[in-house]
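A.B. asks: Please read through the structure below; I'll follow up with questions.
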Amino acid sequence: MNPESIDAFARNFLETNSPLHLLINNAGIMWVPLQRDLRGYESQLATNHLGHFQLTAKLWPALKQANGARVVNVSSFGHQMAPFDFEDPNFEHRQYETLQGYGQSKTANNLFTVELDHRGRYFGVRAFSLHPGSVNGTDLGRVAPMALFQQMGTHDENGEIYPEVAKKLKTIPQGAATTLWCATSQKLEGKGGVYCENGDIAELDLGNIDHQYDNPLTLRGVTPYSIDPENAKRLWQLSEEMTKVIFTAD
């Protein structure tokens with residue numbers, strides 16, 4: 001949410017003249033009320049995508065210097081909640097819906113990955129996005145209204161998670177596993193621009209997967225709109241305009 005802090009961190013890192021082999025963009029907020037950063041940008045988009053875009057751009061010299069780096073963008077099945085709204089990304093002309101805001105920010109993670117990998121592969125930088133799974137104990141949904149969880153069928157009328165749902169959730173180490181797999185697996189050598197889940201490249205969801213929010217094991221697959229190369233190029237240009245950061249991949 002604070003672009004100046006991103007610039008300061010990147011500046012301090014670059015001053016070490018160290019190569020950067022792994023960059024894991026993991027910052028995220030979820031299902032929050034409408035709030036905006038100092039630039040007027042909706043907070044889920046600002047935190048979940050624009051901050052990652054700016055940080056990666058600023059650290060680009062160190063990523064190239066590694067002669068073999070990976071950028072891992074932690075996305076979510078939540079990308080299926082909404083495509084990216086290029087006409088009104090900051091909810092200035094439409095009613096704010098927090099699930100839509102979260103969904104488009106996660107779609108942005110996937111699209112950013114596609115175009116970053118396209119530009120970065122020539123310099124040995126590959127990019128991956130992923131769904132960590134439905135993870136228990138992260139506190140990510142701490143400000144989300146209980147009514148949202150009840151609406152999805154995961155919690156009862158007293159705000160308690162159903163035991164049959166809880167036992168299907170991942171532990172925090174299990175939730176981190178796909179992130180680490182994307183960062184280190186030799187199976188991904190020579191690959192990039194893909195969305196992963198459960199320690200593998202995800203299946204393309206063409207409407208053939210039955211999703212049930214009270215069964216986290218069914219929350220899988222990647223939508224075509226979130227990995228579309230043309231959408232990815234369009235988002236890249238918009239991200240440069242919004243952050244005022246020109247990402248020169250040379």
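Ligands are numbered from 1 in the order shown, residues from 1 within each chain, and chains are lettered A, B, ... in the order they appear in the structure tokens.
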Using DSSP assignments from the backbone, pull out every residue in region 104-183 of chain A that falls under helix (DSSP H, G or I) and give it to me as number ranges by chain.
C.D. replies: A: 104-123, 146-151, 163-166, 172-183
A.B. asks: Write the selection just made, keeping N, CA and C atoms, as a compact mmCIF listing (two decimals), in the first residue's frame?
C.D. replies:
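Saved result, result.txt, follows:
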```txt
# COMPACT_ATOMS: atom_id res chain seq x y z
N GLN A 104 -10.33 -10.12 -8.91
CA GLN A 104 -9.57 -9.49 -9.99
C GLN A 104 -8.10 -9.31 -9.60
N SER A 105 -7.81 -9.13 -8.31
CA SER A 105 -6.41 -9.00 -7.89
C SER A 105 -5.66 -10.32 -8.07
N LYS A 106 -6.35 -11.43 -7.86
CA LYS A 106 -5.72 -12.74 -8.03
C LYS A 106 -5.60 -13.10 -9.52
N THR A 107 -6.59 -12.68 -10.31
CA THR A 107 -6.45 -12.82 -11.76
C THR A 107 -5.25 -12.01 -12.24
N ALA A 108 -5.04 -10.84 -11.64
CA ALA A 108 -3.88 -10.01 -11.99
C ALA A 108 -2.58 -10.73 -11.68
N ASN A 109 -2.53 -11.48 -10.57
CA ASN A 109 -1.32 -12.26 -10.26
C ASN A 109 -0.99 -13.23 -11.38
N ASN A 110 -2.02 -13.90 -11.89
CA ASN A 110 -1.80 -14.87 -12.97
C ASN A 110 -1.35 -14.19 -14.26
N LEU A 111 -2.01 -13.09 -14.60
CA LEU A 111 -1.67 -12.38 -15.83
C LEU A 111 -0.28 -11.78 -15.76
N PHE A 112 0.08 -11.23 -14.62
CA PHE A 112 1.42 -10.68 -14.42
C PHE A 112 2.46 -11.78 -14.63
N THR A 113 2.18 -12.96 -14.12
CA THR A 113 3.10 -14.09 -14.26
C THR A 113 3.33 -14.44 -15.73
N VAL A 114 2.26 -14.45 -16.50
CA VAL A 114 2.35 -14.81 -17.92
C VAL A 114 3.26 -13.84 -18.67
N GLU A 115 3.03 -12.54 -18.50
CA GLU A 115 3.81 -11.56 -19.25
C GLU A 115 5.23 -11.43 -18.69
N LEU A 116 5.39 -11.53 -17.37
CA LEU A 116 6.72 -11.48 -16.79
C LEU A 116 7.59 -12.62 -17.32
N ASP A 117 7.01 -13.80 -17.39
CA ASP A 117 7.78 -14.93 -17.91
C ASP A 117 8.12 -14.73 -19.38
N HIS A 118 7.18 -14.17 -20.13
CA HIS A 118 7.43 -13.91 -21.56
C HIS A 118 8.61 -12.97 -21.74
N ARG A 119 8.67 -11.95 -20.91
CA ARG A 119 9.75 -10.97 -21.03
C ARG A 119 11.04 -11.44 -20.35
N GLY A 120 10.90 -12.20 -19.28
CA GLY A 120 12.06 -12.54 -18.48
C GLY A 120 12.84 -13.75 -18.94
N ARG A 121 12.22 -14.64 -19.70
CA ARG A 121 12.89 -15.90 -20.04
C ARG A 121 14.18 -15.67 -20.82
N TYR A 122 14.25 -14.57 -21.55
CA TYR A 122 15.45 -14.27 -22.34
C TYR A 122 16.63 -13.88 -21.44
N PHE A 123 16.34 -13.59 -20.18
CA PHE A 123 17.39 -13.21 -19.23
C PHE A 123 17.52 -14.25 -18.12
N MET A 146 -18.45 -12.71 8.69
CA MET A 146 -18.79 -14.12 8.86
C MET A 146 -19.87 -14.53 7.86
N ALA A 147 -20.74 -13.59 7.49
CA ALA A 147 -21.81 -13.91 6.55
C ALA A 147 -21.27 -14.44 5.23
N LEU A 148 -20.07 -13.99 4.83
CA LEU A 148 -19.48 -14.49 3.59
C LEU A 148 -19.16 -15.97 3.70
N PHE A 149 -18.57 -16.36 4.83
CA PHE A 149 -18.23 -17.77 5.02
C PHE A 149 -19.49 -18.62 5.15
N GLN A 150 -20.49 -18.08 5.82
CA GLN A 150 -21.75 -18.80 5.94
C GLN A 150 -22.43 -18.95 4.59
N GLN A 151 -22.32 -17.91 3.77
CA GLN A 151 -22.89 -17.94 2.43
C GLN A 151 -22.25 -19.04 1.58
N PRO A 163 -16.91 -29.18 11.11
CA PRO A 163 -15.78 -30.11 11.29
C PRO A 163 -15.40 -30.82 10.00
N GLU A 164 -16.39 -31.17 9.19
CA GLU A 164 -16.09 -31.88 7.94
C GLU A 164 -15.36 -30.99 6.94
N VAL A 165 -15.56 -29.66 7.06
CA VAL A 165 -14.82 -28.71 6.22
C VAL A 165 -13.41 -28.54 6.77
N ALA A 166 -13.31 -28.38 8.09
CA ALA A 166 -12.02 -28.13 8.73
C ALA A 166 -11.02 -29.24 8.45
N ILE A 172 -0.58 -24.98 7.65
CA ILE A 172 0.27 -23.92 7.10
C ILE A 172 1.46 -24.49 6.33
N PRO A 173 2.18 -25.51 6.85
CA PRO A 173 3.27 -26.10 6.04
C PRO A 173 2.76 -26.69 4.73
N GLN A 174 1.61 -27.34 4.75
CA GLN A 174 1.05 -27.88 3.51
C GLN A 174 0.70 -26.75 2.55
N GLY A 175 0.21 -25.63 3.10
CA GLY A 175 -0.14 -24.49 2.26
C GLY A 175 1.07 -23.84 1.63
N ALA A 176 2.22 -23.94 2.30
CA ALA A 176 3.46 -23.35 1.77
C ALA A 176 4.13 -24.24 0.74
N ALA A 177 3.71 -25.50 0.67
CA ALA A 177 4.44 -26.50 -0.12
C ALA A 177 4.51 -26.16 -1.61
N THR A 178 3.40 -25.71 -2.19
CA THR A 178 3.41 -25.43 -3.63
C THR A 178 4.23 -24.20 -3.95
N THR A 179 4.23 -23.22 -3.04
CA THR A 179 5.11 -22.06 -3.22
C THR A 179 6.57 -22.52 -3.31
N LEU A 180 6.98 -23.38 -2.39
CA LEU A 180 8.36 -23.85 -2.37
C LEU A 180 8.64 -24.74 -3.57
N TRP A 181 7.64 -25.50 -4.00
CA TRP A 181 7.80 -26.34 -5.19
C TRP A 181 8.05 -25.46 -6.42
N CYS A 182 7.28 -24.40 -6.56
CA CYS A 182 7.49 -23.49 -7.69
C CYS A 182 8.87 -22.84 -7.62
N ALA A 183 9.34 -22.57 -6.42
CA ALA A 183 10.61 -21.89 -6.25
C ALA A 183 11.81 -22.80 -6.52
```
A.B. asks: Going by DSSP on the backbone, which bits of region 51-212 of chain A are strand (DSSP E or B)? Write them as an mmCIF file with N, CA, C and O atoms, in the first residue's frame, please.
C.D. replies:
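Writing done, so here's selection.cif:
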```
data_model
loop_
_atom_site.group_PDB
_atom_site.id
_atom_site.type_symbol
_atom_site.label_atom_id
_atom_site.label_comp_id
_atom_site.auth_asym_id
_atom_site.auth_seq_id
_atom_site.Cartn_x
_atom_site.Cartn_y
_atom_site.Cartn_z
ATOM 1 N N ALA A 69 16.859 -17.142 -12.344
ATOM 2 C CA ALA A 69 16.058 -16.731 -11.191
ATOM 3 C C ALA A 69 14.604 -17.144 -11.408
ATOM 4 O O ALA A 69 14.164 -17.382 -12.536
ATOM 5 N N ARG A 70 13.882 -17.229 -10.305
ATOM 6 C CA ARG A 70 12.447 -17.497 -10.373
ATOM 7 C C ARG A 70 11.693 -16.444 -9.562
ATOM 8 O O ARG A 70 12.099 -16.086 -8.462
ATOM 9 N N VAL A 71 10.590 -15.981 -10.131
ATOM 10 C CA VAL A 71 9.657 -15.108 -9.425
ATOM 11 C C VAL A 71 8.382 -15.906 -9.216
ATOM 12 O O VAL A 71 7.795 -16.427 -10.174
ATOM 13 N N VAL A 72 7.960 -16.021 -7.970
ATOM 14 C CA VAL A 72 6.780 -16.805 -7.622
ATOM 15 C C VAL A 72 5.720 -15.859 -7.078
ATOM 16 O O VAL A 72 5.933 -15.191 -6.060
ATOM 17 N N ASN A 73 4.593 -15.784 -7.758
ATOM 18 C CA ASN A 73 3.488 -14.920 -7.352
ATOM 19 C C ASN A 73 2.393 -15.780 -6.718
ATOM 20 O O ASN A 73 1.792 -16.619 -7.389
ATOM 21 N N VAL A 74 2.158 -15.568 -5.436
ATOM 22 C CA VAL A 74 1.156 -16.365 -4.736
ATOM 23 C C VAL A 74 -0.234 -15.842 -5.096
ATOM 24 O O VAL A 74 -0.643 -14.763 -4.673
ATOM 25 N N VAL A 125 15.087 -15.443 -16.299
ATOM 26 C CA VAL A 125 14.126 -15.225 -15.217
ATOM 27 C C VAL A 125 12.794 -15.861 -15.618
ATOM 28 O O VAL A 125 12.196 -15.477 -16.613
ATOM 29 N N ARG A 126 12.353 -16.840 -14.828
ATOM 30 C CA ARG A 126 11.074 -17.498 -15.102
ATOM 31 C C ARG A 126 10.087 -17.166 -13.992
ATOM 32 O O ARG A 126 10.469 -16.906 -12.844
ATOM 33 N N ALA A 127 8.805 -17.166 -14.329
ATOM 34 C CA ALA A 127 7.769 -16.750 -13.380
ATOM 35 C C ALA A 127 6.689 -17.814 -13.251
ATOM 36 O O ALA A 127 6.333 -18.486 -14.230
ATOM 37 N N PHE A 128 6.150 -17.925 -12.045
ATOM 38 C CA PHE A 128 5.119 -18.908 -11.744
ATOM 39 C C PHE A 128 4.088 -18.288 -10.810
ATOM 40 O O PHE A 128 4.427 -17.465 -9.957
ATOM 41 N N SER A 129 2.827 -18.684 -10.966
ATOM 42 C CA SER A 129 1.801 -18.312 -9.995
ATOM 43 C C SER A 129 1.212 -19.601 -9.437
ATOM 44 O O SER A 129 1.383 -20.683 -10.002
ATOM 45 N N LEU A 130 0.505 -19.476 -8.326
ATOM 46 C CA LEU A 130 0.031 -20.704 -7.684
ATOM 47 C C LEU A 130 -1.139 -20.450 -6.760
ATOM 48 O O LEU A 130 -1.344 -19.331 -6.271
ATOM 49 N N HIS A 131 -1.880 -21.508 -6.522
ATOM 50 C CA HIS A 131 -2.919 -21.556 -5.493
ATOM 51 C C HIS A 131 -2.367 -22.382 -4.341
ATOM 52 O O HIS A 131 -2.072 -23.565 -4.513
ATOM 53 N N VAL A 135 -6.186 -22.946 3.384
ATOM 54 C CA VAL A 135 -5.255 -23.198 4.487
ATOM 55 C C VAL A 135 -5.856 -22.711 5.804
ATOM 56 O O VAL A 135 -6.369 -21.591 5.896
ATOM 57 N N HIS A 155 -19.242 -22.323 7.331
ATOM 58 C CA HIS A 155 -19.439 -22.062 8.761
ATOM 59 C C HIS A 155 -20.919 -22.147 9.120
ATOM 60 O O HIS A 155 -21.797 -21.844 8.296
ATOM 61 N N ILE A 161 -16.648 -23.160 12.107
ATOM 62 C CA ILE A 161 -16.414 -23.915 10.887
ATOM 63 C C ILE A 161 -16.907 -25.345 11.058
ATOM 64 O O ILE A 161 -16.753 -25.940 12.135
ATOM 65 N N LYS A 170 -5.839 -27.375 4.525
ATOM 66 C CA LYS A 170 -4.417 -27.646 4.641
ATOM 67 C C LYS A 170 -3.858 -26.991 5.905
ATOM 68 O O LYS A 170 -4.360 -25.971 6.368
ATOM 69 N N VAL A 194 3.214 -20.434 -15.846
ATOM 70 C CA VAL A 194 2.135 -21.379 -15.552
ATOM 71 C C VAL A 194 1.607 -21.164 -14.146
ATOM 72 O O VAL A 194 2.278 -20.622 -13.273
ATOM 73 N N TYR A 195 0.382 -21.624 -13.942
ATOM 74 C CA TYR A 195 -0.313 -21.553 -12.651
ATOM 75 C C TYR A 195 -0.311 -22.956 -12.058
ATOM 76 O O TYR A 195 -0.663 -23.933 -12.733
ATOM 77 N N CYS A 196 0.094 -23.052 -10.810
ATOM 78 C CA CYS A 196 0.287 -24.354 -10.189
ATOM 79 C C CYS A 196 -0.596 -24.528 -8.959
ATOM 80 O O CYS A 196 -1.052 -23.559 -8.360
ATOM 81 N N GLU A 197 -0.794 -25.785 -8.587
ATOM 82 C CA GLU A 197 -1.515 -26.111 -7.359
ATOM 83 C C GLU A 197 -1.174 -27.546 -6.973
ATOM 84 O O GLU A 197 -0.881 -28.387 -7.833
ATOM 85 N N ASP A 200 1.940 -29.219 -8.598
ATOM 86 C CA ASP A 200 1.883 -29.578 -10.011
ATOM 87 C C ASP A 200 1.316 -28.396 -10.793
ATOM 88 O O ASP A 200 0.763 -27.455 -10.210
ATOM 89 N N ILE A 201 1.447 -28.446 -12.115
ATOM 90 C CA ILE A 201 0.816 -27.443 -12.968
ATOM 91 C C ILE A 201 -0.677 -27.726 -13.017
ATOM 92 O O ILE A 201 -1.103 -28.868 -13.202
ATOM 93 N N LEU A 204 -6.458 -26.836 -16.775
ATOM 94 C CA LEU A 204 -7.246 -25.744 -17.330
ATOM 95 C C LEU A 204 -8.723 -26.009 -17.047
ATOM 96 O O LEU A 204 -9.237 -27.095 -17.341
#
```
A.B. asks: Kindly indicate which residue among A:Gly137, A:His49, A:Pro89, A:Leu206 lies nearest to Thr171 (chain A), using only C-alpha atoms for the distances.
C.D. replies: A:Gly137
A.B. asks: For the atom pair CA of Gln80 (chain A) and CA of Glu42 (chain A), what is the interatomic distance in Å to one decimal place?
C.D. replies: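 Going from CA of Gln80 (chain A) over to CA of Glu42 (chain A) covers 19.0 Å.
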A.B. asks: Please identify all polymer residues within 12 Å of Arg11 (chain A), counting only C-alpha atoms, omitting same-chain residues fewer than 3 positions from it, and present them as a list in words.
C.D. replies: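 Contacts, with the query itself left out: Glu4, Ser5, Ile6, Asp7, Ala8, Leu14, Glu15, Thr16, Asn17, Ser18, Leu55, Ala57, Lys58, Leu59, Trp60, Pro61 and Ala62 of chain A.
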A.B. asks: Can you work out which one of A:Leu188, A:Met152, A:Leu22, A:Ala66 has the shortest atom-to-atom distance to Asn215 (chain A), counting only C-alpha atoms?
C.D. replies: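 Answer, going by the shortest atom-to-atom distance: A:Met152.
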A.B. asks: How far is it from CA of Gly78 (chain A) to CA of Gly101 (chain A), in Å with one decimal?
C.D. replies: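 Separation of CA of Gly78 (chain A) and CA of Gly101 (chain A): 10.0 Å.
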A.B. asks: Please build the interface table for region 146-212 of chain A against region 218-223 of chain A with a cut-off of 6 Å, listing for each qualifying residue the nearest atom pair and the distance in Å to one decimal; count only C-alpha atoms, order rows by chain and increasing number, and write it as a Markdown table.
C.D. replies:
```
| residue | atom | partner | partner_atom | distance |
| --- | --- | --- | --- | --- |
| A:Ala202 | CA | A:Gly221 | CA | 5.5 |
| A:Glu203 | CA | A:Gly221 | CA | 4.9 |
| A:Leu204 | CA | A:Val222 | CA | 5.0 |
| A:Asp205 | CA | A:Gly221 | CA | 4.9 |
| A:His211 | CA | A:Thr218 | CA | 5.1 |
```
A.B. asks: I want to know what sits within 6 Å of Gly103 (chain A), based on only C-alpha atoms, with residues of the same chain fewer than 4 positions away left out; could you give that as a list in words?
C.D. replies: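 Those residues are Gly78, His79, Met81, Ala82 and Leu99 of chain A.
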A.B. asks: Can you spit out the residues from that selection as a PDB file, in the first residue's frame, using C-alpha atoms?
C.D. replies:
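Writing the result to out-v1.pdb gives the following:
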```
ATOM      1  CA  GLY A  78     -10.029 -16.793  -5.854  1.00  0.00           C
ATOM      2  CA  HIS A  79      -9.066 -15.718  -9.376  1.00  0.00           C
ATOM      3  CA  MET A  81     -14.329 -15.079  -8.629  1.00  0.00           C
ATOM      4  CA  ALA A  82     -13.681 -12.362 -11.206  1.00  0.00           C
ATOM      5  CA  LEU A  99     -15.156 -10.768  -3.623  1.00  0.00           C
TER       6      LEU A  99
END
```
A.B. asks: Using Å and a single decimal, report how far CA of Leu238 (chain A) sits from CA of Phe13 (chain A).
C.D. replies: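 Pair CA of Phe13 (chain A) / CA of Leu238 (chain A) returns 26.2 Å.
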A.B. asks: Which one of A:Phe84, A:Asn12, A:Asn158, A:His52 sits closest to Ile227 (chain A) if you count only C-alpha atoms?
C.D. replies: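 Of A:Phe84, A:Asn12, A:Asn158, A:His52, the one nearest Ile227 (chain A), counting only C-alpha atoms, is A:Phe84.
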